[in-house]
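File shown here: query_23.cif, holding mmCIF, C-alpha atoms and all ligand atoms.
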```
data_query
loop_
_atom_site.label_atom_id
_atom_site.label_comp_id
_atom_site.auth_asym_id
_atom_site.auth_seq_id
_atom_site.Cartn_x
_atom_site.Cartn_y
_atom_site.Cartn_z
CA MET A 1 -12.40 110.17 -99.67
CA ASN A 2 -15.50 109.07 -101.53
CA ILE A 3 -18.60 107.63 -99.84
CA LEU A 4 -17.70 104.07 -100.75
CA SER A 5 -14.29 104.12 -99.14
CA ALA A 6 -15.72 105.90 -96.07
CA LEU A 7 -18.32 103.15 -95.78
CA GLN A 8 -15.66 100.47 -96.19
CA LEU A 9 -13.62 102.08 -93.42
CA LEU A 10 -16.67 102.18 -91.11
CA VAL A 11 -17.65 98.56 -91.79
CA GLY A 12 -14.01 97.52 -91.32
CA ARG A 13 -13.89 99.27 -87.91
CA GLN A 14 -17.14 97.63 -86.87
CA PHE A 15 -15.86 94.21 -87.91
CA GLY A 16 -12.70 94.94 -85.96
CA GLU A 17 -14.75 95.75 -82.85
CA ILE A 18 -16.84 92.58 -83.27
CA ILE A 19 -13.69 90.44 -83.69
CA GLN A 20 -12.09 92.13 -80.68
CA GLY A 21 -15.27 91.53 -78.61
CA SER A 22 -15.47 87.87 -79.71
CA LYS A 23 -11.87 87.37 -78.65
CA ARG A 24 -12.59 88.89 -75.20
CA PHE A 25 -15.64 86.62 -74.82
CA ALA A 26 -13.61 83.60 -75.91
CA ALA A 27 -11.07 84.52 -73.22
CA GLY A 28 -13.87 84.46 -70.63
CA ASP A 29 -14.33 88.22 -70.25
CA PHE A 30 -18.12 88.19 -70.32
CA GLY A 31 -18.34 91.58 -68.68
CA TYR A 32 -17.02 93.16 -71.89
CA ARG A 33 -19.53 94.72 -74.29
CA ILE A 34 -18.99 95.40 -78.03
CA PRO A 35 -19.50 99.18 -78.44
CA GLY A 36 -22.76 100.29 -80.06
CA GLY A 37 -22.85 102.67 -82.98
CA SER A 38 -22.92 100.10 -85.77
CA PHE A 39 -25.88 99.73 -88.02
CA GLY A 40 -27.77 97.22 -90.08
CA GLU A 41 -26.89 93.52 -89.78
CA LEU A 42 -23.62 94.30 -87.97
CA LYS A 43 -25.56 96.12 -85.26
CA LYS A 44 -27.77 93.03 -84.84
CA LEU A 45 -24.67 90.80 -84.69
CA SER A 46 -23.04 93.03 -82.00
CA GLU A 47 -26.25 93.07 -79.96
CA THR A 48 -26.66 89.28 -80.26
CA LEU A 49 -23.06 88.71 -79.18
CA ASN A 50 -23.47 91.12 -76.22
CA TYR A 51 -26.73 89.39 -75.23
CA MET A 52 -25.03 85.99 -75.46
CA ALA A 53 -22.16 87.23 -73.26
CA GLY A 54 -24.67 88.54 -70.70
CA GLU A 55 -26.55 85.20 -70.66
CA ILE A 56 -23.35 83.16 -70.33
CA SER A 57 -22.18 85.44 -67.53
CA ALA A 58 -25.51 85.01 -65.64
CA ARG A 59 -25.41 81.21 -66.07
CA MET A 60 -21.83 81.10 -64.89
CA ARG A 61 -22.72 83.13 -61.80
CA GLU A 62 -25.59 80.73 -61.11
CA ALA A 63 -23.29 77.73 -61.59
CA GLU A 64 -20.74 79.32 -59.25
CA VAL A 65 -23.38 79.84 -56.54
CA ARG A 66 -24.44 76.18 -56.92
CA ARG A 67 -20.79 75.12 -56.75
CA LEU A 68 -20.26 77.16 -53.57
CA GLU A 69 -23.43 75.65 -52.04
CA LEU A 70 -22.27 72.13 -52.84
CA GLU A 71 -18.77 72.95 -51.62
CA ALA A 72 -20.18 74.20 -48.27
CA ALA A 73 -22.37 71.09 -47.93
CA PHE A 74 -19.42 68.84 -48.81
CA ARG A 75 -17.20 70.66 -46.30
CA ASP A 76 -19.62 70.90 -43.38
CA MET A 77 -21.72 67.74 -43.61
CA SER A 78 -21.50 65.29 -40.73
CA GLU A 79 -21.04 62.36 -43.12
CA ALA A 80 -17.55 61.52 -44.31
CA ILE A 81 -17.25 61.61 -48.10
CA VAL A 82 -14.32 60.19 -50.03
CA VAL A 83 -14.24 60.11 -53.82
CA THR A 84 -11.73 57.88 -55.60
CA ASP A 85 -10.85 57.36 -59.22
CA GLY A 86 -11.08 53.97 -60.90
CA SER A 87 -7.78 52.83 -59.38
CA GLY A 88 -8.63 53.71 -55.78
CA VAL A 89 -6.70 57.01 -55.63
CA ILE A 90 -8.48 59.68 -53.56
CA THR A 91 -9.59 62.59 -55.73
CA ARG A 92 -11.72 64.38 -53.14
CA ILE A 93 -12.21 64.06 -49.40
CA ASN A 94 -14.12 66.28 -46.98
CA PRO A 95 -12.88 67.30 -43.49
CA ARG A 96 -15.05 64.68 -41.74
CA GLY A 97 -13.64 62.09 -44.12
CA ARG A 98 -10.09 63.12 -43.21
CA GLU A 99 -10.98 62.80 -39.52
CA LEU A 100 -12.45 59.32 -39.85
CA MET A 101 -9.68 58.13 -42.14
CA GLY A 102 -7.06 59.27 -39.62
CA ALA A 103 -5.72 61.73 -42.23
CA ARG A 104 -5.61 64.82 -40.05
CA GLY A 105 -2.85 67.27 -40.80
CA PHE A 106 -2.04 66.08 -44.32
CA ASN A 107 -3.71 66.29 -47.69
CA ALA A 108 -5.05 62.87 -48.57
CA GLU A 109 -6.02 63.82 -52.12
CA GLY A 110 -3.80 62.00 -54.59
CA MET A 111 -3.04 59.24 -52.08
CA ARG A 112 -4.26 55.66 -52.29
CA LEU A 113 -7.32 54.87 -50.15
CA SER A 114 -5.65 51.64 -48.99
CA GLY A 115 -2.70 53.68 -47.64
CA MET A 116 -4.87 55.66 -45.18
CA PRO A 117 -4.67 54.71 -41.48
CA ALA A 118 -8.37 53.73 -41.57
CA GLY A 119 -8.20 52.72 -45.22
CA PRO A 120 -7.95 48.93 -45.63
CA GLU A 121 -11.60 48.12 -44.86
CA LEU A 122 -12.91 51.12 -46.76
CA SER A 123 -10.56 50.29 -49.58
CA SER A 124 -11.88 46.73 -49.89
CA ALA A 125 -15.44 48.13 -49.98
CA ALA A 126 -14.38 50.57 -52.73
CA ILE A 127 -12.69 47.78 -54.71
CA LYS A 128 -15.84 45.63 -54.46
CA ALA A 129 -17.94 48.56 -55.72
CA LEU A 130 -15.46 49.28 -58.55
CA LEU A 131 -15.33 45.62 -59.67
CA SER A 132 -19.03 44.86 -59.36
CA ALA A 133 -20.26 48.27 -60.57
CA ALA A 134 -22.86 47.94 -57.78
CA PRO A 135 -23.16 49.72 -54.42
CA VAL A 136 -21.67 48.01 -51.37
CA PHE A 137 -22.87 48.58 -47.79
CA LEU A 138 -21.03 47.61 -44.61
CA GLU A 139 -20.39 48.54 -40.99
CA ILE A 140 -16.85 48.97 -39.72
CA GLU A 141 -14.98 50.00 -36.58
CA PRO A 142 -12.01 52.04 -37.85
CA PRO A 143 -8.81 51.42 -35.88
CA ALA A 144 -8.11 55.20 -36.02
CA SER A 145 -11.16 55.87 -33.77
CA PRO A 146 -11.68 52.90 -31.44
CA GLY A 147 -15.25 52.43 -30.22
CA THR A 148 -16.68 54.21 -33.26
CA VAL A 149 -19.05 52.31 -35.54
CA LEU A 150 -19.35 53.56 -39.12
CA SER A 151 -22.05 52.71 -41.60
CA VAL A 152 -20.36 52.86 -45.01
CA SER A 153 -21.77 52.87 -48.51
CA ALA A 154 -19.50 52.62 -51.55
CA SER A 155 -21.21 53.57 -54.81
CA PRO A 156 -19.53 53.25 -58.20
CA ILE A 157 -19.45 56.27 -60.53
CA VAL A 158 -20.56 54.86 -63.89
CA GLU A 159 -20.09 56.87 -67.07
CA GLU A 160 -21.24 55.43 -70.40
CA GLY A 161 -21.12 51.91 -69.04
CA ALA A 162 -17.60 52.21 -67.62
CA VAL A 163 -16.77 52.53 -63.90
CA ARG A 164 -14.79 55.77 -63.47
CA GLY A 165 -14.50 55.86 -59.70
CA CYS A 166 -16.26 55.39 -56.42
CA VAL A 167 -18.00 57.59 -53.82
CA LEU A 168 -17.68 56.40 -50.23
CA VAL A 169 -20.10 57.85 -47.68
CA ALA A 170 -19.50 56.96 -44.03
CA ARG A 171 -21.90 57.84 -41.22
CA ASP A 172 -21.07 57.64 -37.52
CA ILE A 173 -23.71 55.35 -36.01
CA THR A 174 -22.02 54.83 -32.63
CA GLY A 175 -24.83 56.70 -30.80
CA PRO A 176 -27.76 54.77 -32.33
CA ARG A 177 -25.91 51.44 -31.87
CA LYS A 178 -25.30 52.25 -28.18
CA LEU A 179 -28.96 53.18 -27.79
CA GLU A 180 -30.06 49.90 -29.37
CA ALA A 181 -27.76 47.97 -27.02
CA MET A 182 -29.13 49.92 -24.04
CA ARG A 183 -32.69 49.16 -25.12
CA ARG A 184 -31.89 45.47 -25.49
CA ASP A 185 -30.26 45.42 -22.04
CA PHE A 186 -33.23 47.26 -20.57
CA VAL A 187 -35.75 44.76 -21.94
CA ALA A 188 -33.58 41.86 -20.73
CA ASN A 189 -33.24 43.47 -17.28
CA VAL A 190 -36.95 44.23 -16.94
CA SER A 191 -37.88 40.70 -18.00
CA HIS A 192 -35.45 39.29 -15.46
CA GLU A 193 -36.67 41.58 -12.67
CA LEU A 194 -40.29 40.65 -13.38
CA LYS A 195 -39.58 36.97 -13.68
CA THR A 196 -38.01 36.55 -10.23
CA PRO A 197 -41.04 37.68 -8.15
CA LEU A 198 -43.47 36.04 -10.60
CA THR A 199 -41.69 32.69 -10.22
CA ALA A 200 -41.81 33.06 -6.43
CA ILE A 201 -45.54 33.96 -6.48
CA ARG A 202 -46.32 31.02 -8.73
CA GLY A 203 -44.31 28.64 -6.55
CA CYS A 204 -46.06 29.77 -3.35
CA ALA A 205 -49.52 29.67 -4.98
CA GLU A 206 -48.91 26.13 -6.26
CA THR A 207 -47.71 25.01 -2.85
CA LEU A 208 -50.86 26.45 -1.27
CA LEU A 209 -53.06 24.72 -3.86
CA ASN A 210 -51.25 21.44 -3.34
CA GLY A 211 -52.33 21.28 0.28
CA ALA A 212 -50.48 24.00 2.19
CA LEU A 213 -53.76 25.96 2.24
CA GLU A 214 -54.97 23.56 4.90
CA ASP A 215 -51.68 23.73 6.77
CA ARG A 216 -52.39 26.22 9.56
CA GLU A 217 -48.73 26.37 10.57
CA HIS A 218 -46.95 26.93 7.22
CA GLY A 219 -49.81 28.13 4.99
CA PRO A 220 -49.79 31.80 6.16
CA GLY A 221 -46.04 32.00 5.42
CA PHE A 222 -46.68 31.21 1.74
CA ALA A 223 -49.49 33.77 1.59
CA ARG A 224 -47.17 36.38 3.15
CA SER A 225 -44.51 35.59 0.54
CA ILE A 226 -47.06 36.09 -2.23
CA CYS A 227 -47.97 39.44 -0.73
CA GLU A 228 -44.30 40.54 -0.41
CA GLN A 229 -43.47 39.51 -3.96
CA ALA A 230 -46.59 41.26 -5.26
CA MET A 231 -45.44 44.41 -3.45
CA ARG A 232 -42.05 44.04 -5.10
CA LEU A 233 -43.73 43.79 -8.49
CA ASP A 234 -45.79 46.83 -7.63
CA ASN A 235 -42.64 48.82 -6.69
CA LEU A 236 -40.93 47.74 -9.85
CA VAL A 237 -43.83 48.67 -12.12
CA ASN A 238 -44.23 52.02 -10.33
CA ASP A 239 -40.52 52.79 -10.77
CA LEU A 240 -40.66 51.73 -14.42
CA LEU A 241 -43.61 54.04 -14.99
CA LYS A 242 -41.75 56.90 -13.28
CA ILE A 243 -38.64 56.38 -15.36
CA SER A 244 -40.50 56.04 -18.63
CA TYR A 245 -42.46 59.20 -17.80
CA ALA A 246 -39.28 61.11 -16.94
CA GLU A 247 -37.62 59.91 -20.15
CA SER A 248 -40.62 60.44 -22.39
CA GLY A 249 -40.17 64.18 -22.69
CA ARG A 250 -43.85 64.50 -21.64
CA ALA A 251 -42.87 65.22 -18.05
CA ALA A 252 -43.54 68.94 -17.86
CA VAL A 253 -41.47 70.61 -15.15
CA GLU A 254 -43.67 73.06 -13.31
CA LYS A 255 -41.17 75.12 -11.36
CA ALA A 256 -42.00 77.30 -8.39
CA ALA A 257 -39.97 78.85 -5.57
CA LEU A 258 -40.06 76.25 -2.76
CA ASP A 259 -38.81 76.32 0.80
CA LEU A 260 -36.24 73.53 0.79
CA LYS A 261 -36.11 73.00 4.56
CA GLU A 262 -39.87 72.50 4.71
CA LEU A 263 -39.78 69.99 1.87
CA VAL A 264 -36.88 68.05 3.46
CA ASP A 265 -38.70 67.82 6.80
CA GLU A 266 -41.88 66.70 5.06
CA THR A 267 -39.98 64.00 3.13
CA ALA A 268 -38.17 62.76 6.23
CA GLY A 269 -41.56 62.59 7.97
CA SER A 270 -43.03 60.45 5.21
CA LEU A 271 -40.13 57.98 5.61
CA GLU A 272 -40.55 57.68 9.37
CA SER A 273 -41.24 53.95 9.33
CA VAL A 274 -38.18 53.19 7.15
CA LEU A 275 -36.00 55.34 9.40
CA ALA A 276 -37.42 53.88 12.60
CA LYS A 277 -36.86 50.33 11.38
CA LYS A 278 -33.11 50.96 11.36
CA ARG A 279 -33.11 53.56 14.12
CA VAL A 280 -31.55 56.03 11.71
CA SER A 281 -31.77 59.71 12.67
CA VAL A 282 -32.04 62.57 10.20
CA SER A 283 -30.42 65.91 10.80
CA ASP A 284 -31.80 68.67 8.57
CA LYS A 285 -29.05 71.27 8.24
CA VAL A 286 -30.67 73.11 5.35
CA PRO A 287 -30.52 76.89 6.11
CA ALA A 288 -33.94 78.24 7.07
CA GLY A 289 -35.58 80.22 4.29
CA LEU A 290 -33.38 78.79 1.48
CA LYS A 291 -35.49 78.72 -1.67
CA VAL A 292 -35.12 76.32 -4.59
CA TYR A 293 -36.74 76.80 -7.94
CA ALA A 294 -38.20 73.37 -8.71
CA ASP A 295 -41.20 71.17 -9.48
CA ARG A 296 -42.54 70.19 -6.04
CA ASP A 297 -43.56 66.59 -6.85
CA LYS A 298 -40.39 65.82 -8.76
CA LEU A 299 -38.07 67.33 -6.15
CA SER A 300 -39.91 65.46 -3.43
CA GLN A 301 -39.41 62.21 -5.41
CA VAL A 302 -35.66 62.96 -5.66
CA LEU A 303 -35.43 63.53 -1.89
CA ILE A 304 -37.49 60.41 -1.12
CA ASN A 305 -35.23 58.20 -3.25
CA LEU A 306 -32.01 59.62 -1.77
CA LEU A 307 -33.25 59.53 1.84
CA ASP A 308 -34.74 56.06 1.38
CA ASN A 309 -31.35 54.79 0.14
CA ALA A 310 -29.48 56.64 2.88
CA ALA A 311 -31.69 54.83 5.40
CA LYS A 312 -31.74 51.42 3.67
CA TYR A 313 -27.98 51.21 3.19
CA ASN A 314 -27.13 52.76 6.57
CA ARG A 315 -25.96 50.89 9.64
CA GLU A 316 -28.25 50.26 12.58
CA GLY A 317 -28.55 53.50 14.54
CA GLY A 318 -26.76 55.46 11.80
CA LYS A 319 -27.17 59.11 10.82
CA ILE A 320 -28.26 61.07 7.77
CA ASN A 321 -27.20 64.70 7.30
CA ILE A 322 -28.99 66.86 4.81
CA SER A 323 -27.42 70.19 3.96
CA ALA A 324 -27.73 72.72 1.14
CA MET A 325 -26.00 75.84 -0.06
CA ALA A 326 -26.26 78.41 -2.82
CA GLU A 327 -23.74 77.56 -5.51
CA GLY A 328 -23.02 78.89 -8.99
CA GLY A 329 -26.40 80.46 -9.73
CA GLY A 330 -28.31 77.60 -8.11
CA VAL A 331 -28.56 75.42 -5.03
CA LYS A 332 -26.57 72.30 -4.17
CA VAL A 333 -28.29 69.76 -1.94
CA ILE A 334 -26.20 67.16 -0.12
CA VAL A 335 -27.40 63.93 1.51
CA GLU A 336 -24.71 62.23 3.64
CA ASP A 337 -25.06 58.90 5.41
CA THR A 338 -23.02 56.78 7.78
CA GLY A 339 -23.58 53.53 5.88
CA ALA A 340 -21.12 51.06 4.40
CA GLY A 341 -20.28 53.31 1.47
CA ILE A 342 -19.83 52.32 -2.16
CA PRO A 343 -16.59 50.76 -3.46
CA ALA A 344 -14.85 53.07 -5.97
CA GLU A 345 -15.22 50.68 -8.93
CA HIS A 346 -19.03 50.92 -8.72
CA LEU A 347 -19.27 54.72 -8.53
CA PRO A 348 -19.13 55.48 -12.28
CA ARG A 349 -22.15 53.22 -12.97
CA ILE A 350 -24.22 53.75 -9.84
CA PHE A 351 -26.80 56.02 -11.58
CA GLU A 352 -27.44 53.48 -14.37
CA ARG A 353 -30.76 51.68 -14.53
CA PHE A 354 -30.75 48.39 -12.59
CA TYR A 355 -27.16 48.87 -11.47
CA ARG A 356 -26.67 47.63 -7.90
CA VAL A 357 -23.59 47.06 -5.81
CA ASP A 358 -25.12 44.09 -4.05
CA LYS A 359 -28.12 42.72 -5.93
CA ALA A 360 -29.26 40.37 -3.20
CA ARG A 361 -29.09 43.09 -0.53
CA SER A 362 -30.98 45.58 -2.68
CA ARG A 363 -33.75 43.04 -3.43
CA GLU A 364 -33.95 42.00 0.18
CA MET A 365 -34.71 45.63 1.02
CA GLY A 366 -37.35 45.98 -1.67
CA GLY A 367 -35.04 47.88 -4.02
CA THR A 368 -35.65 47.92 -7.76
CA GLY A 369 -32.28 49.28 -8.91
CA LEU A 370 -34.08 52.20 -10.52
CA GLY A 371 -34.14 54.77 -7.70
CA LEU A 372 -30.91 56.59 -8.58
CA SER A 373 -31.58 56.66 -12.31
CA ILE A 374 -34.94 58.28 -11.52
CA VAL A 375 -33.07 60.84 -9.36
CA LYS A 376 -30.66 61.60 -12.20
CA HIS A 377 -33.44 62.01 -14.76
CA LEU A 378 -35.56 64.24 -12.58
CA VAL A 379 -32.62 66.45 -11.63
CA GLU A 380 -31.55 66.73 -15.27
CA LEU A 381 -35.12 67.65 -16.24
CA HIS A 382 -34.60 70.68 -13.98
CA GLY A 383 -31.34 71.53 -15.76
CA GLY A 384 -29.24 70.33 -12.81
CA SER A 385 -26.88 67.41 -12.24
CA ALA A 386 -26.45 64.65 -9.66
CA GLY A 387 -23.39 62.86 -8.32
CA VAL A 388 -21.89 60.88 -5.48
CA GLU A 389 -18.73 60.73 -3.45
CA SER A 390 -18.16 57.65 -1.38
CA ALA A 391 -15.55 55.29 -0.07
CA GLU A 392 -16.04 51.81 1.28
CA GLY A 393 -16.61 51.90 5.01
CA ARG A 394 -16.88 55.71 5.14
CA GLY A 395 -20.47 56.39 4.17
CA SER A 396 -21.82 58.00 1.02
CA THR A 397 -22.45 61.60 0.03
CA PHE A 398 -25.04 62.02 -2.70
CA TRP A 399 -25.58 65.51 -4.09
CA PHE A 400 -27.60 67.27 -6.73
CA THR A 401 -27.83 70.78 -8.05
CA LEU A 402 -30.84 72.84 -9.12
CA PRO A 403 -30.38 76.01 -11.16
CA ASN A 404 -32.25 79.16 -10.14
CA THR A 405 -33.97 79.49 -13.51
P1 LIG A 501 -32.08 50.23 -5.27
O1 LIG A 501 -33.52 50.07 -5.53
O2 LIG A 501 -31.31 48.96 -5.45
O3 LIG A 501 -31.77 50.93 -4.00
P2 LIG A 501 -30.96 52.57 -6.54
O4 LIG A 501 -30.90 52.95 -7.97
O5 LIG A 501 -31.64 53.49 -5.62
O6 LIG A 501 -31.58 51.14 -6.50
O7 LIG A 501 -29.48 52.37 -6.06
C1 LIG A 501 -28.60 51.58 -6.83
C2 LIG A 501 -27.57 50.91 -5.95
O8 LIG A 501 -26.69 51.90 -5.42
C3 LIG A 501 -28.12 50.22 -4.75
O9 LIG A 501 -28.52 48.88 -5.06
C4 LIG A 501 -26.96 50.24 -3.78
O10 LIG A 501 -26.07 49.17 -4.11
C5 LIG A 501 -26.25 51.54 -4.12
N1 LIG A 501 -26.61 52.66 -3.21
C6 LIG A 501 -27.52 53.62 -3.42
N2 LIG A 501 -27.55 54.49 -2.41
C7 LIG A 501 -26.62 54.06 -1.52
C8 LIG A 501 -26.17 54.54 -0.26
N3 LIG A 501 -26.66 55.65 0.31
N4 LIG A 501 -25.18 53.84 0.36
C9 LIG A 501 -24.65 52.73 -0.20
N5 LIG A 501 -25.04 52.23 -1.38
C10 LIG A 501 -26.02 52.88 -2.04
#
```

Would you mind giving the structure from this file in structure tokens?
Amino acid sequence: MNILSALQLLVGRQFGEIIQGSKRFAAGDFGYRIPGGSFGELKKLSETLNYMAGEISARMREAEVRRLELEAAFRDMSEAIVVTDGSGVITRINPRGRELMGARGFNAEGMRLSGMPAGPELSSAAIKALLSAAPVFLEIEPPASPGTVLSVSASPIVEEGAVRGCVLVARDITGPRKLEAMRRDFVANVSHELKTPLTAIRGCAETLLNGALEDREHGPGFARSICEQAMRLDNLVNDLLKISYAESGRAAVEKAALDLKELVDETAGSLESVLAKKRVSVSDKVPAGLKVYADRDKLSQVLINLLDNAAKYNREGGKINISAMAEGGGVKVIVEDTGAGIPAEHLPRIFERFYRVDKARSREMGGTGLGLSIVKHLVELHGGSAGVESAEGRGSTFWFTLPNT
């Protein structure tokens, strides 16, 4: 074989290797490398092709990582995402989307949005977005999850001027809506609670100014009313301050090991006049030496509120039993009274702010309707819980727990 034909053979083999490598790359095998050993321009071509394959492979890996990241976000995000094509057929839906659409247990992809259990309202939003090529925002309550409020946005997918589909994003805003409603109720309640004593004070002051000041017989009665109503306002504002402090997150809980029996006796002592007024006796059955791990001022406030209620809503000459026991890594404190009890229908709401069984009776006794919600907040600040068992005519048993940590 002469040099020329040997060279031709070599170049032919190298071309063969380059063609073979190109085919592997075209088939997506970017890990393949064209063997070295060539020379001249063919060597440069092999190296360039190998470099290109390496670059493509690195980019693809990067794109795959991005895809996996997006996939994880799509799968785990708390928002529901539903993507449809231009005719309203679902092309992608994440697990939260399936939940909110009532499409648990079947694959909704390929199905019409309007055919989903929670679909009709979402579907009309998607149609609006598809027809107008503009985003649509709305709030809905899907029949598949009653009581849930969803904030939905439907955004058209526009490609070169044409609408190709729609992305629906739905967020559960039930919590924030409830909070808003609670805030509105709270403001309305506070305004109402303030208005009643203020109206009474104004009425009495006007009567005094219109001549009752000179009336030695009736005048003092109006002044007394002003004083009582002012005290009511004072109680209300104090309770409001306590509740806003407990709710603010600024209320630092400074826990220390406290002797519960001592604290109970001290609290009962401070309520002597309230107890004496109704001839209610307190029996402290807390075991001697039982320690609770709590903030002294806050625990004392809890006991005052519960004992004050147990006295206020007791019968003349009634009894209050206070007991406590170690329970589940903490202490359970129980305050029992022999009062009229609380009808069952009121029990679930009794710890709510301003909730009262008998508004007139509570007001008459200087109540603000905030005592139990303060108790609940303070106990929860300690990591404990509060509850009640009661039946009409059989007294009430309020309890709370305090963990040992
Ligand atoms: P208030 O200032 O009205 O006492 P609370 O929040 O302390 O407010 O209590 C809410 C309502 O729960 C009271 O108005 C009363 O109707 C009821 N309640 C609380 N404690 C007792 C109790 N020991 N016995 C009967 N009813 C009670």

Per-axis box centre and lengths in Å around region 28-46 of chain A, 5 Å margin per side, axis-aligned, as AutoDock Vina command-line options:
```
--center_x -20.8 --center_y 93.6 --center_z -79.4 --size_x 23.9 --size_y 28.2 --size_z 31.4
```

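If you measure from each of A:Pro135, A:Gly329, A:Gly165, A:Pro146 to Gly88 (chain A) using all atoms listed in the file, the closest one turns out to be A:Gly165.
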
Given all atoms listed in the file, how would the per-residue table for region 213-305 of chain A near region 175-191 of chain A read, listing every residue at most 10 Å away with its closest atom pair and distance in Å to one decimal, sorted by chain and number, as CSV?
```
residue,atom,partner,partner_atom,distance
A:Leu236,CA,A:Val190,CA,8.9
A:Val237,CA,A:Val190,CA,9.5
A:Leu240,CA,A:Val190,CA,8.7
```

* May I have the residues within 12 Å of Arg224 (chain A) as a list in words, using all atoms listed in the file and disregarding those fewer than 5 positions away in the same chain? => Ala200, Ile201, Cys204, Ala205, Leu208, His218, Gly219, Gln229, Ala230 and Met231 of chain A

* Asked: Between CA of Leu378 (chain A) and CA of Ala311 (chain A), what is the distance, to one decimal in Å?
  ->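 Straight-line distance from CA of Leu378 (chain A) to CA of Ala311 (chain A) works out to 20.7 Å.
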
Give me the chain A side of the contact with ligand LIG 501 (chain A), cut-off 6 Å, one line per residue showing its nearest atom pair and distance in Å at one decimal, counting only C-alpha atoms and all ligand atoms, sorted by chain and residue number, as JSON lines.
```
{"residue": "A:Asn309", "atom": "CA", "partner": "A:LIG501", "partner_atom": "N2", "distance": 4.6}
{"residue": "A:Ala310", "atom": "CA", "partner": "A:LIG501", "partner_atom": "N3", "distance": 3.9}
{"residue": "A:Tyr313", "atom": "CA", "partner": "A:LIG501", "partner_atom": "N4", "distance": 4.8}
{"residue": "A:Gly339", "atom": "CA", "partner": "A:LIG501", "partner_atom": "N4", "distance": 5.8}
{"residue": "A:Gly341", "atom": "CA", "partner": "A:LIG501", "partner_atom": "C9", "distance": 4.7}
{"residue": "A:Ile342", "atom": "CA", "partner": "A:LIG501", "partner_atom": "C9", "distance": 5.2}
{"residue": "A:Ile350", "atom": "CA", "partner": "A:LIG501", "partner_atom": "O8", "distance": 5.4}
{"residue": "A:Tyr355", "atom": "CA", "partner": "A:LIG501", "partner_atom": "C1", "distance": 5.6}
{"residue": "A:Arg356", "atom": "CA", "partner": "A:LIG501", "partner_atom": "O9", "distance": 3.6}
{"residue": "A:Val357", "atom": "CA", "partner": "A:LIG501", "partner_atom": "O10", "distance": 3.7}
{"residue": "A:Asp358", "atom": "CA", "partner": "A:LIG501", "partner_atom": "O10", "distance": 5.2}
{"residue": "A:Ser362", "atom": "CA", "partner": "A:LIG501", "partner_atom": "O2", "distance": 4.4}
{"residue": "A:Gly367", "atom": "CA", "partner": "A:LIG501", "partner_atom": "O1", "distance": 3.1}
{"residue": "A:Thr368", "atom": "CA", "partner": "A:LIG501", "partner_atom": "O1", "distance": 3.8}
{"residue": "A:Gly369", "atom": "CA", "partner": "A:LIG501", "partner_atom": "O6", "distance": 3.1}
{"residue": "A:Leu370", "atom": "CA", "partner": "A:LIG501", "partner_atom": "O4", "distance": 4.1}
{"residue": "A:Gly371", "atom": "CA", "partner": "A:LIG501", "partner_atom": "O5", "distance": 3.5}
{"residue": "A:Leu372", "atom": "CA", "partner": "A:LIG501", "partner_atom": "O4", "distance": 3.7}
{"residue": "A:Ser373", "atom": "CA", "partner": "A:LIG501", "partner_atom": "O4", "distance": 5.7}
{"residue": "A:Ser396", "atom": "CA", "partner": "A:LIG501", "partner_atom": "N4", "distance": 5.4}
```

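Here CA of Ala252 (chain A) and CA of Ile334 (chain A) stand 24.9 Å from one another.
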